[in-house]
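Next comes final_19.cif, with mmCIF, C-alpha atoms and all ligand atoms.
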data_model
loop_
_atom_site.label_atom_id
_atom_site.label_comp_id
_atom_site.auth_asym_id
_atom_site.auth_seq_id
_atom_site.Cartn_x
_atom_site.Cartn_y
_atom_site.Cartn_z
CA VAL A 396 16.98 9.38 9.04
CA ASP A 397 13.37 10.44 8.66
CA ARG A 398 11.16 9.47 11.60
CA ILE A 399 7.38 9.55 11.23
CA LEU A 400 5.06 8.71 14.12
CA ILE A 401 1.67 7.03 13.73
CA GLY A 402 -0.39 7.25 16.89
CA ASP A 403 1.76 6.89 19.98
CA SER A 404 2.89 3.32 19.44
CA CYS A 405 4.23 3.09 15.87
CA GLU A 406 7.31 4.75 14.42
CA VAL A 407 8.39 4.63 10.77
CA LEU A 408 12.11 5.03 10.08
CA VAL A 409 13.33 5.85 6.56
CA ASP A 410 17.06 5.51 6.07
CA ARG A 411 19.80 4.19 3.80
CA GLY A 412 21.70 1.00 4.60
CA VAL A 413 19.66 -0.33 7.50
CA SER A 414 21.32 -3.13 9.49
CA GLY A 415 21.63 -3.30 13.30
CA GLY A 416 19.12 -1.77 15.69
CA LEU A 417 16.13 -3.01 13.75
CA LEU A 418 14.06 -4.08 16.75
CA PRO A 419 12.86 -1.53 19.32
CA GLU A 420 14.87 -1.71 22.59
CA ARG A 421 13.19 -4.12 25.01
CA THR A 422 14.73 -6.42 27.62
CA ASP A 423 12.05 -9.12 27.71
CA ARG A 424 12.26 -10.14 24.03
CA GLU A 425 14.00 -13.48 23.51
CA LYS A 426 13.12 -14.45 19.96
CA ALA A 427 12.07 -13.11 16.60
CA ALA A 428 10.40 -14.93 13.69
CA ILE A 429 11.23 -13.38 10.32
CA LEU A 430 8.67 -13.93 7.55
CA THR A 431 9.94 -13.28 4.03
CA GLN A 432 9.42 -14.06 0.32
CA PRO A 433 11.78 -14.99 -2.58
CA GLY A 434 12.47 -11.44 -3.81
CA ALA A 435 13.36 -10.22 -0.31
CA ARG A 436 15.23 -13.31 1.00
CA ALA A 437 18.69 -11.71 0.68
CA VAL A 438 17.56 -8.66 2.68
CA ALA A 439 16.00 -10.91 5.33
CA THR A 440 19.17 -13.01 5.63
CA GLY A 441 21.27 -9.87 6.05
CA LEU A 442 18.98 -8.47 8.76
CA ALA A 443 18.74 -11.79 10.60
CA ALA A 444 22.49 -11.83 11.17
CA SER A 445 22.33 -8.55 13.09
CA MET A 446 19.03 -9.20 14.91
CA GLY A 447 20.65 -9.77 18.31
CA VAL A 448 18.06 -12.34 19.46
CA GLU A 449 17.42 -15.97 18.62
CA HIS A 450 15.65 -16.03 15.25
CA LEU A 451 13.80 -18.21 12.79
CA ILE A 452 13.36 -17.39 9.09
CA VAL A 453 10.05 -18.54 7.56
CA ASP A 454 9.97 -18.54 3.74
CA LEU A 455 6.53 -17.71 2.39
CA PRO A 456 5.44 -18.49 -1.19
CA ASP A 457 5.71 -15.51 -3.54
CA ARG A 458 3.11 -12.78 -4.05
CA GLU A 459 -0.60 -13.50 -3.35
CA GLU A 460 0.11 -17.20 -2.76
CA ALA A 461 1.41 -16.13 0.65
CA LYS A 462 -1.89 -14.51 1.63
CA THR A 463 -3.87 -17.71 2.20
CA LEU A 464 -5.19 -19.36 5.35
CA ASP A 465 -3.18 -22.47 4.42
CA THR A 466 0.04 -20.47 4.48
CA VAL A 467 -0.95 -18.72 7.70
CA GLY A 468 -1.63 -22.16 9.23
CA LEU A 469 1.83 -23.37 8.24
CA VAL A 470 3.36 -20.24 9.77
CA TYR A 471 1.51 -20.89 13.07
CA ASP A 472 2.96 -24.45 13.07
CA ARG A 473 6.49 -23.05 12.70
CA LEU A 474 5.92 -20.49 15.47
CA ALA A 475 4.64 -23.24 17.77
CA GLU A 476 7.76 -25.37 17.14
CA PHE A 477 9.96 -22.31 17.67
CA ASN A 478 8.05 -21.48 20.84
CA LEU A 479 7.52 -17.83 19.98
CA GLY A 480 6.28 -16.22 23.21
CA ARG A 481 4.09 -13.25 24.02
CA HIS A 482 7.07 -10.92 24.50
CA ASP A 483 8.65 -11.97 21.22
CA THR A 484 8.40 -10.37 17.79
CA VAL A 485 7.15 -11.22 14.31
CA VAL A 486 9.22 -9.44 11.63
CA GLY A 487 7.95 -9.13 8.05
CA VAL A 488 10.62 -8.52 5.40
CA GLY A 489 9.21 -8.18 1.89
CA GLY A 490 6.52 -6.61 -0.24
CA GLY A 491 2.92 -5.93 0.75
CA ALA A 492 2.03 -9.62 0.61
CA VAL A 493 4.59 -10.36 3.35
CA THR A 494 3.77 -7.35 5.52
CA ASP A 495 0.04 -8.26 5.30
CA VAL A 496 0.71 -11.85 6.41
CA ALA A 497 3.23 -10.85 9.09
CA GLY A 498 0.81 -8.27 10.50
CA PHE A 499 -2.06 -10.75 10.53
CA VAL A 500 0.04 -13.46 12.17
CA ALA A 501 1.28 -10.98 14.79
CA ALA A 502 -2.29 -9.79 15.47
CA THR A 503 -3.53 -13.33 16.08
CA TRP A 504 -0.58 -15.28 17.55
CA LEU A 505 -1.17 -15.60 21.33
CA ARG A 506 -3.93 -12.98 20.80
CA GLY A 507 -1.38 -10.46 19.62
CA VAL A 508 2.40 -10.01 19.72
CA GLU A 509 4.68 -7.21 18.55
CA SER A 510 5.32 -6.85 14.82
CA VAL A 511 8.10 -5.01 13.02
CA LEU A 512 7.81 -4.49 9.27
CA VAL A 513 10.60 -4.00 6.73
CA PRO A 514 8.90 -3.29 3.40
CA THR A 515 11.23 -4.07 0.47
CA THR A 516 8.98 -2.88 -2.37
CA MET A 517 7.98 0.72 -2.90
CA LEU A 518 4.30 -0.14 -2.73
CA GLY A 519 4.97 -1.86 0.57
CA ALA A 520 6.89 1.14 1.90
CA VAL A 521 4.45 3.88 0.97
CA ASP A 522 1.23 1.92 1.34
CA ALA A 523 0.92 -1.67 2.57
CA ALA A 524 3.17 -1.45 5.64
CA ILE A 525 1.69 1.88 6.75
CA GLY A 526 -1.59 2.19 8.59
CA GLY A 527 -2.12 -1.03 10.51
CA LYS A 528 -4.38 -2.90 8.08
CA THR A 529 -3.61 -6.55 7.38
CA GLY A 530 -5.31 -8.82 4.86
CA ILE A 531 -5.67 -12.46 3.88
CA ASN A 532 -7.50 -13.68 0.77
CA VAL A 533 -10.37 -16.14 1.19
CA GLY A 534 -12.37 -16.33 -2.04
CA GLY A 535 -12.17 -12.53 -2.34
CA LYS A 536 -9.11 -10.36 -1.81
CA ASN A 537 -8.39 -9.19 1.75
CA LEU A 538 -11.72 -10.49 3.10
CA VAL A 539 -10.09 -11.58 6.36
CA GLY A 540 -7.87 -9.30 8.40
CA ALA A 541 -7.26 -7.29 11.51
CA PHE A 542 -6.18 -3.79 12.46
CA TRP A 543 -2.76 -4.25 14.07
CA HIS A 544 -0.11 -1.54 14.22
CA PRO A 545 3.53 -2.61 14.01
CA SER A 546 5.71 -1.06 16.70
CA ARG A 547 8.20 -0.07 14.02
CA VAL A 548 8.43 0.09 10.23
CA VAL A 549 11.92 0.35 8.74
CA VAL A 550 12.40 1.44 5.12
CA ASP A 551 15.84 1.10 3.50
CA LEU A 552 15.96 3.40 0.46
CA ASP A 553 19.06 1.56 -0.85
CA VAL A 554 16.90 -1.55 -1.22
CA LEU A 555 14.16 0.40 -3.01
CA ASP A 556 16.71 2.02 -5.37
CA ARG A 557 17.65 -1.43 -6.66
CA LEU A 558 14.07 -2.54 -7.44
CA PRO A 559 13.30 -3.89 -10.92
CA GLY A 560 11.49 -1.33 -13.12
CA ALA A 561 7.96 -2.69 -13.00
CA ILE A 562 7.95 -3.15 -9.22
CA ARG A 563 9.29 0.38 -8.75
CA LEU A 564 6.63 1.79 -11.11
CA GLU A 565 3.76 0.24 -9.16
CA GLY A 566 5.03 2.09 -6.12
CA ASP A 567 5.36 5.30 -8.13
CA ALA A 568 1.63 5.10 -8.86
CA GLU A 569 0.80 5.02 -5.14
CA ALA A 570 3.38 7.69 -4.28
CA LEU A 571 1.96 9.98 -6.97
CA LYS A 572 -1.51 9.29 -5.56
CA THR A 573 -0.49 10.40 -2.08
CA GLY A 574 1.04 13.53 -3.59
CA LEU A 575 -2.14 14.33 -5.51
CA ILE A 576 -4.36 13.97 -2.45
CA GLY A 577 -2.07 15.38 0.19
CA ASP A 578 1.34 16.81 -0.72
CA PRO A 579 2.01 19.01 -3.77
CA GLU A 580 5.80 18.70 -3.15
CA ILE A 581 5.66 15.05 -4.22
CA VAL A 582 3.94 16.02 -7.45
CA THR A 583 6.48 18.80 -8.06
CA GLU A 584 9.32 16.29 -7.57
CA TYR A 585 7.83 14.02 -10.26
CA GLU A 586 7.52 16.98 -12.63
CA ARG A 587 10.99 18.34 -11.87
CA SER A 588 12.64 14.95 -12.45
CA GLY A 589 10.76 14.13 -15.64
CA GLY A 590 9.16 11.13 -13.93
CA ARG A 591 12.21 9.68 -12.11
CA ALA A 592 11.56 11.17 -8.69
CA SER A 593 14.18 10.90 -5.95
CA LEU A 594 13.18 8.32 -3.35
CA ASP A 595 14.73 10.49 -0.63
CA VAL A 596 12.04 13.09 -1.38
CA ILE A 597 8.96 11.06 -2.21
CA VAL A 598 9.12 8.05 0.12
CA PRO A 599 9.17 9.88 3.48
CA ARG A 600 6.64 12.42 2.17
CA SER A 601 4.25 9.72 0.91
CA ILE A 602 4.49 7.88 4.21
CA ALA A 603 3.77 11.13 6.05
CA VAL A 604 0.61 11.72 4.00
CA LYS A 605 -0.74 8.23 4.68
CA ALA A 606 0.29 8.43 8.34
CA ALA A 607 -1.56 11.71 8.78
CA VAL A 608 -4.73 10.38 7.18
CA VAL A 609 -4.60 7.18 9.24
CA ASP A 610 -3.95 9.11 12.45
CA GLU A 611 -7.04 11.15 11.79
CA ASP A 612 -9.22 8.18 11.08
CA PHE A 613 -7.99 4.86 12.39
CA ARG A 614 -11.09 2.84 11.52
CA GLU A 615 -11.85 4.18 8.11
CA SER A 616 -15.04 6.00 9.00
CA GLY A 617 -14.40 8.95 6.73
CA ARG A 618 -11.11 10.64 5.98
CA ARG A 619 -9.29 7.43 5.10
CA ALA A 620 -11.49 7.15 2.00
CA ILE A 621 -9.42 9.81 0.22
CA LEU A 622 -6.62 7.24 -0.03
CA ASN A 623 -8.86 5.53 -2.57
CA PHE A 624 -8.20 8.19 -5.22
CA GLY A 625 -7.96 6.32 -8.53
CA HIS A 626 -9.11 3.07 -6.94
CA THR A 627 -12.84 3.03 -7.82
CA ILE A 628 -12.25 2.75 -11.56
CA GLY A 629 -8.72 1.36 -11.04
CA HIS A 630 -9.94 -1.65 -9.14
CA ALA A 631 -12.49 -2.46 -11.87
CA VAL A 632 -9.79 -2.09 -14.53
CA GLU A 633 -7.47 -4.35 -12.51
CA ILE A 634 -10.04 -7.15 -12.40
CA ALA A 635 -11.26 -6.69 -15.97
CA THR A 636 -7.78 -6.58 -17.54
CA GLY A 637 -5.42 -8.32 -15.11
CA LEU A 638 -3.17 -5.23 -15.10
CA PRO A 639 -0.96 -5.06 -11.98
CA HIS A 640 -2.60 -3.07 -9.19
CA GLY A 641 -0.39 0.04 -9.45
CA PHE A 642 -0.83 0.26 -13.21
CA ALA A 643 -4.61 -0.07 -12.91
CA VAL A 644 -4.65 2.64 -10.24
CA SER A 645 -2.77 5.01 -12.51
CA VAL A 646 -5.42 4.49 -15.21
CA GLY A 647 -8.06 5.05 -12.53
CA MET A 648 -6.41 8.32 -11.44
CA VAL A 649 -6.45 9.62 -15.01
CA ALA A 650 -10.16 8.72 -15.30
CA ALA A 651 -10.96 10.38 -11.95
CA GLY A 652 -8.98 13.40 -13.17
CA LEU A 653 -11.41 13.83 -16.06
CA VAL A 654 -14.46 13.81 -13.78
CA SER A 655 -12.57 16.29 -11.56
CA GLU A 656 -12.05 18.55 -14.57
CA ARG A 657 -15.74 18.53 -15.48
CA ARG A 658 -16.79 19.35 -11.92
CA TYR A 659 -14.02 21.53 -10.60
CA GLY A 660 -11.84 22.63 -13.50
CA PHE A 661 -8.97 20.33 -12.44
CA ASP A 662 -6.36 20.02 -15.23
CA HIS A 663 -6.94 16.50 -16.55
CA SER A 664 -4.54 16.64 -19.49
CA TRP A 665 -1.72 17.89 -17.23
CA LEU A 666 -2.25 14.82 -15.00
CA SER A 667 -2.43 12.49 -17.94
CA HIS A 668 0.91 13.83 -19.29
CA LEU A 669 2.56 13.50 -15.89
CA VAL A 670 1.38 9.88 -15.45
CA PHE A 671 2.69 9.13 -18.96
CA ALA A 672 6.06 10.79 -18.24
CA ILE A 673 6.51 8.55 -15.19
CA GLY A 674 6.05 5.55 -17.49
CA LEU A 675 2.68 4.52 -16.12
CA PRO A 676 -0.32 3.63 -18.31
CA VAL A 677 -3.03 6.25 -18.95
CA ALA A 678 -5.50 3.93 -20.70
CA ALA A 679 -6.82 0.39 -20.73
CA ALA A 680 -7.80 0.19 -24.39
CA GLY A 681 -10.65 -2.12 -25.29
CA VAL A 682 -11.84 -2.95 -21.77
CA SER A 683 -15.63 -3.26 -21.65
CA VAL A 684 -17.62 -0.31 -20.25
CA ASP A 685 -20.38 -2.66 -19.07
CA THR A 686 -17.98 -4.99 -17.28
CA CYS A 687 -16.33 -2.05 -15.52
CA ARG A 688 -19.71 -0.63 -14.50
CA GLU A 689 -20.76 -3.96 -13.01
CA LEU A 690 -17.47 -4.35 -11.15
CA ILE A 691 -17.70 -0.83 -9.75
CA ALA A 692 -21.29 -1.37 -8.61
CA ARG A 693 -20.28 -4.62 -6.91
CA ASP A 694 -17.41 -2.82 -5.14
CA LYS A 695 -19.75 -1.46 -2.43
CA LYS A 696 -18.85 2.15 -3.17
CA ARG A 697 -22.34 2.85 -4.47
CA SER A 698 -24.83 4.91 -2.48
CA ALA A 699 -28.48 5.50 -3.40
CA GLU A 700 -27.60 8.40 -5.71
CA GLY A 701 -24.70 6.80 -7.55
CA ILE A 702 -21.04 5.81 -7.35
CA ARG A 703 -18.87 7.42 -4.66
CA MET A 704 -15.51 8.53 -5.95
CA VAL A 705 -12.60 10.66 -4.75
CA LEU A 706 -12.16 13.72 -6.98
CA LEU A 707 -9.62 16.55 -6.93
CA ARG A 708 -10.58 20.20 -6.77
CA ALA A 709 -6.84 20.84 -7.07
CA VAL A 710 -3.60 19.05 -6.17
CA GLY A 711 -3.78 18.47 -2.41
CA ASP A 712 -7.51 19.20 -2.25
CA PRO A 713 -9.47 15.92 -2.52
CA VAL A 714 -13.20 15.54 -2.07
CA LEU A 715 -15.42 12.46 -1.79
CA ASP A 716 -18.28 12.89 -4.26
CA THR A 717 -21.15 10.94 -5.74
CA VAL A 718 -20.77 10.82 -9.52
CA THR A 719 -23.55 10.30 -12.01
CA ASP A 720 -23.82 7.38 -14.43
CA GLU A 721 -23.15 9.81 -17.27
CA GLU A 722 -19.91 11.05 -15.67
CA LEU A 723 -18.77 7.50 -15.03
CA ASP A 724 -19.47 6.62 -18.65
CA VAL A 725 -17.44 9.56 -19.96
CA ALA A 726 -14.57 8.71 -17.61
CA LEU A 727 -14.51 5.07 -18.69
CA ARG A 728 -14.58 5.98 -22.39
CA SER A 729 -11.74 8.48 -21.85
CA ILE A 730 -9.44 5.64 -20.79
CA GLY A 731 -10.29 3.62 -23.88
CA ALA A 732 -13.18 1.52 -22.58
CA GLU A 733 -15.76 0.55 -25.23
N1 LIG B 801 -2.53 -3.58 4.23
C1 LIG B 801 -2.65 -2.56 3.42
O1 LIG B 801 -3.04 -1.46 3.83
C2 LIG B 801 -2.27 -2.72 1.99
C3 LIG B 801 -2.22 -1.60 1.15
C4 LIG B 801 -1.83 -1.78 -0.16
C5 LIG B 801 -1.52 -3.04 -0.63
N2 LIG B 801 -1.57 -4.11 0.20
C6 LIG B 801 -1.25 -5.47 -0.28
O2 LIG B 801 0.10 -5.47 -0.75
C7 LIG B 801 0.23 -6.48 -1.75
C8 LIG B 801 1.00 -5.90 -2.90
O3 LIG B 801 2.27 -5.48 -2.47
P1 LIG B 801 3.57 -5.63 -3.38
O4 LIG B 801 3.32 -5.02 -4.69
O5 LIG B 801 4.72 -5.19 -2.57
O6 LIG B 801 3.54 -7.19 -3.68
P2 LIG B 801 4.35 -8.48 -3.25
O7 LIG B 801 4.61 -8.57 -1.79
O8 LIG B 801 3.59 -9.59 -3.88
O9 LIG B 801 5.77 -8.28 -3.96
C9 LIG B 801 5.83 -8.20 -5.37
C10 LIG B 801 7.08 -8.95 -5.88
O10 LIG B 801 8.27 -8.23 -5.50
C11 LIG B 801 9.25 -9.15 -5.05
N3 LIG B 801 10.19 -8.39 -4.21
C12 LIG B 801 10.01 -7.97 -2.94
N4 LIG B 801 11.05 -7.22 -2.55
C13 LIG B 801 11.91 -7.16 -3.59
C14 LIG B 801 13.16 -6.53 -3.80
N5 LIG B 801 13.72 -5.77 -2.85
N6 LIG B 801 13.76 -6.69 -5.00
C15 LIG B 801 13.17 -7.42 -5.98
N7 LIG B 801 12.00 -8.03 -5.84
C16 LIG B 801 11.37 -7.89 -4.65
C17 LIG B 801 8.44 -10.22 -4.38
O11 LIG B 801 9.17 -11.43 -4.23
C18 LIG B 801 7.25 -10.34 -5.33
O12 LIG B 801 7.56 -11.21 -6.40
C19 LIG B 801 -1.16 -6.93 -2.10
O13 LIG B 801 -1.41 -8.19 -1.53
C20 LIG B 801 -2.07 -5.88 -1.46
O14 LIG B 801 -3.32 -6.40 -1.08
C21 LIG B 801 -1.94 -3.97 1.48
#
Show me this structure written as structure tokens.
Ligand SMILES: NC(=O)c1ccc[n+]([C@@H]2O[C@H](COP(=O)([O-])OP(=O)(O)OC[C@H]3O[C@@H](n4cnc5c(N)ncnc54)[C@H](O)[C@@H]3O)[C@@H](O)[C@H]2O)c1
Amino acid sequence: VDRILIGDSCEVLVDRGVSGGLLPERTDREKAAILTQPGARAVATGLAASMGVEHLIVDLPDREEAKTLDTVGLVYDRLAEFNLGRHDTVVGVGGGAVTDVAGFVAATWLRGVESVLVPTTMLGAVDAAIGGKTGINVGGKNLVGAFWHPSRVVVDLDVLDRLPGAIRLEGDAEALKTGLIGDPEIVTEYERSGGRASLDVIVPRSIAVKAAVVDEDFRESGRRAILNFGHTIGHAVEIATGLPHGFAVSVGMVAAGLVSERRYGFDHSWLSHLVFAIGLPVAAAGVSVDTCRELIARDKKRSAEGIRMVLLRAVGDPVLDTVTDEELDVALRSIGAE
């Protein structure tokens, strides 16, 4: 078991074949409400059986459909019927959509109850369930939310090993990102394995990188921004093309790699080959340069001098810089924008 602490109230456990002992020891807990989604229902059912307290399973709609105020309202109704009390626990079993909703519900139910998260996607395990941010979509993505740390996050690598290819790959993009900004060993593991990195190596290490950054900067005043490597251009590409988030981020990392090469001599073509070897996209051919520019400008990452972007001086050495319009243009064209 790998055990990673975030602050003094949240522990992340990474193991294989998680079953009993999911909830932290506590004598005053009587009930647990388990929120889950279609792709994680079997895992949730298995965990419920060994929960050791009275439980209720709440099935959320799949993916982003779960992250609405309507769904959250329906969950509150179920918790009221179930009589979930202030010493009870909300458990989220699923991908990032479920852990976001479970965290938000826990933060707001009775002004805050304990949450325990069991991420069942790789993106959930290395990113969404780590760091205490929760988000609900209202018009825009994640516009409503709260900071609320779970008391425990439990990652079962056996579950992640069985993920369908595309869902695994989206998580690989975020794991590679954490390696590039904070842990060269993760990057070496991707290189060594020809793109099929061992989860036993990369998952606990990726979590440790995010945990360290979050510990340093709980409210996102500075350091946490380095987690956005690949996300400035990636987010624009995601909206402009509809590519899944992780795929768009990998394109964004390649683009940021080129700006990093021009400024700091970072090896852009090495990164591009590595991203390709993993099976992630390195380009978004045909996307409009103007559309991307507008989306980036709208994304609030612009200061008076230009667009703020995370660049790499080297693997493990990120820096938050302001890039010029010319650099942004070159980066966008390098990923096939026209
Ligand atoms: N709070 C944060 O800090 C943070 C960070 C990153 C992302 N997020 C959020 O996370 C969400 C994306 O997370 P995601 O990619 O996990 O999406 P998701 O929760 O929508 O899950 C993606 C799909 O995987 C399925 N699935 C889940 N577990 C599975 C399993 N074990 N086997 C097979 N299928 C399974 C789900 O049913 C769903 O169809 C977004 O809403 C994003 O905003 C939040």
Exercise. Of the candidates A:Glu733, A:Asp551, A:Asp578, A:Asp522, which one gets nearest to A:Gly566 if we count all atoms listed in the file?
Worked result: A:Asp522
Exercise. Which protein, DNA or RNA residues have an atom within 7 Å of ligand LIG 801 (chain B), counting only C-alpha atoms and all ligand atoms, as a count of residues only?
Worked result: 35
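Here the residues that fall within 10 Å of (8.8, 9.7, 5.3), using all atoms listed in the file, are given as Val396, Asp397, Arg398, Ile399, Leu400, Val407, Leu408, Val409, Asp410, Ala520, Val521, Val550, Leu594, Asp595, Val596, Ile597, Val598, Pro599, Arg600, Ser601, Ile602, Ala603, Val604, Lys605 and Ala606 of chain A.
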Please report as a tab-separated table every residue of stretch 515-582 of chain A lying within 8 Å of stretch 609-628 of chain A, along with the nearest atom pair and their distance in Å (one decimal), using only C-alpha atoms.
residue	atom	partner	partner_atom	distance
A:Gly526	CA	A:Val609	CA	5.9
A:Lys572	CA	A:Phe624	CA	6.8
A:Thr573	CA	A:Leu622	CA	7.2
A:Ile576	CA	A:Ile621	CA	7.1
For this session: With a distance cut-off of 9 Å and all atoms listed in the file, select the neighbouring residues of A:Val533, excluding the residue or stretch itself and same-chain residues fewer than 2 positions from it, and output the selection as JSON, numbers by chain.
Result: {"A": [462, 463, 464, 531, 535, 536, 537, 538, 539]}
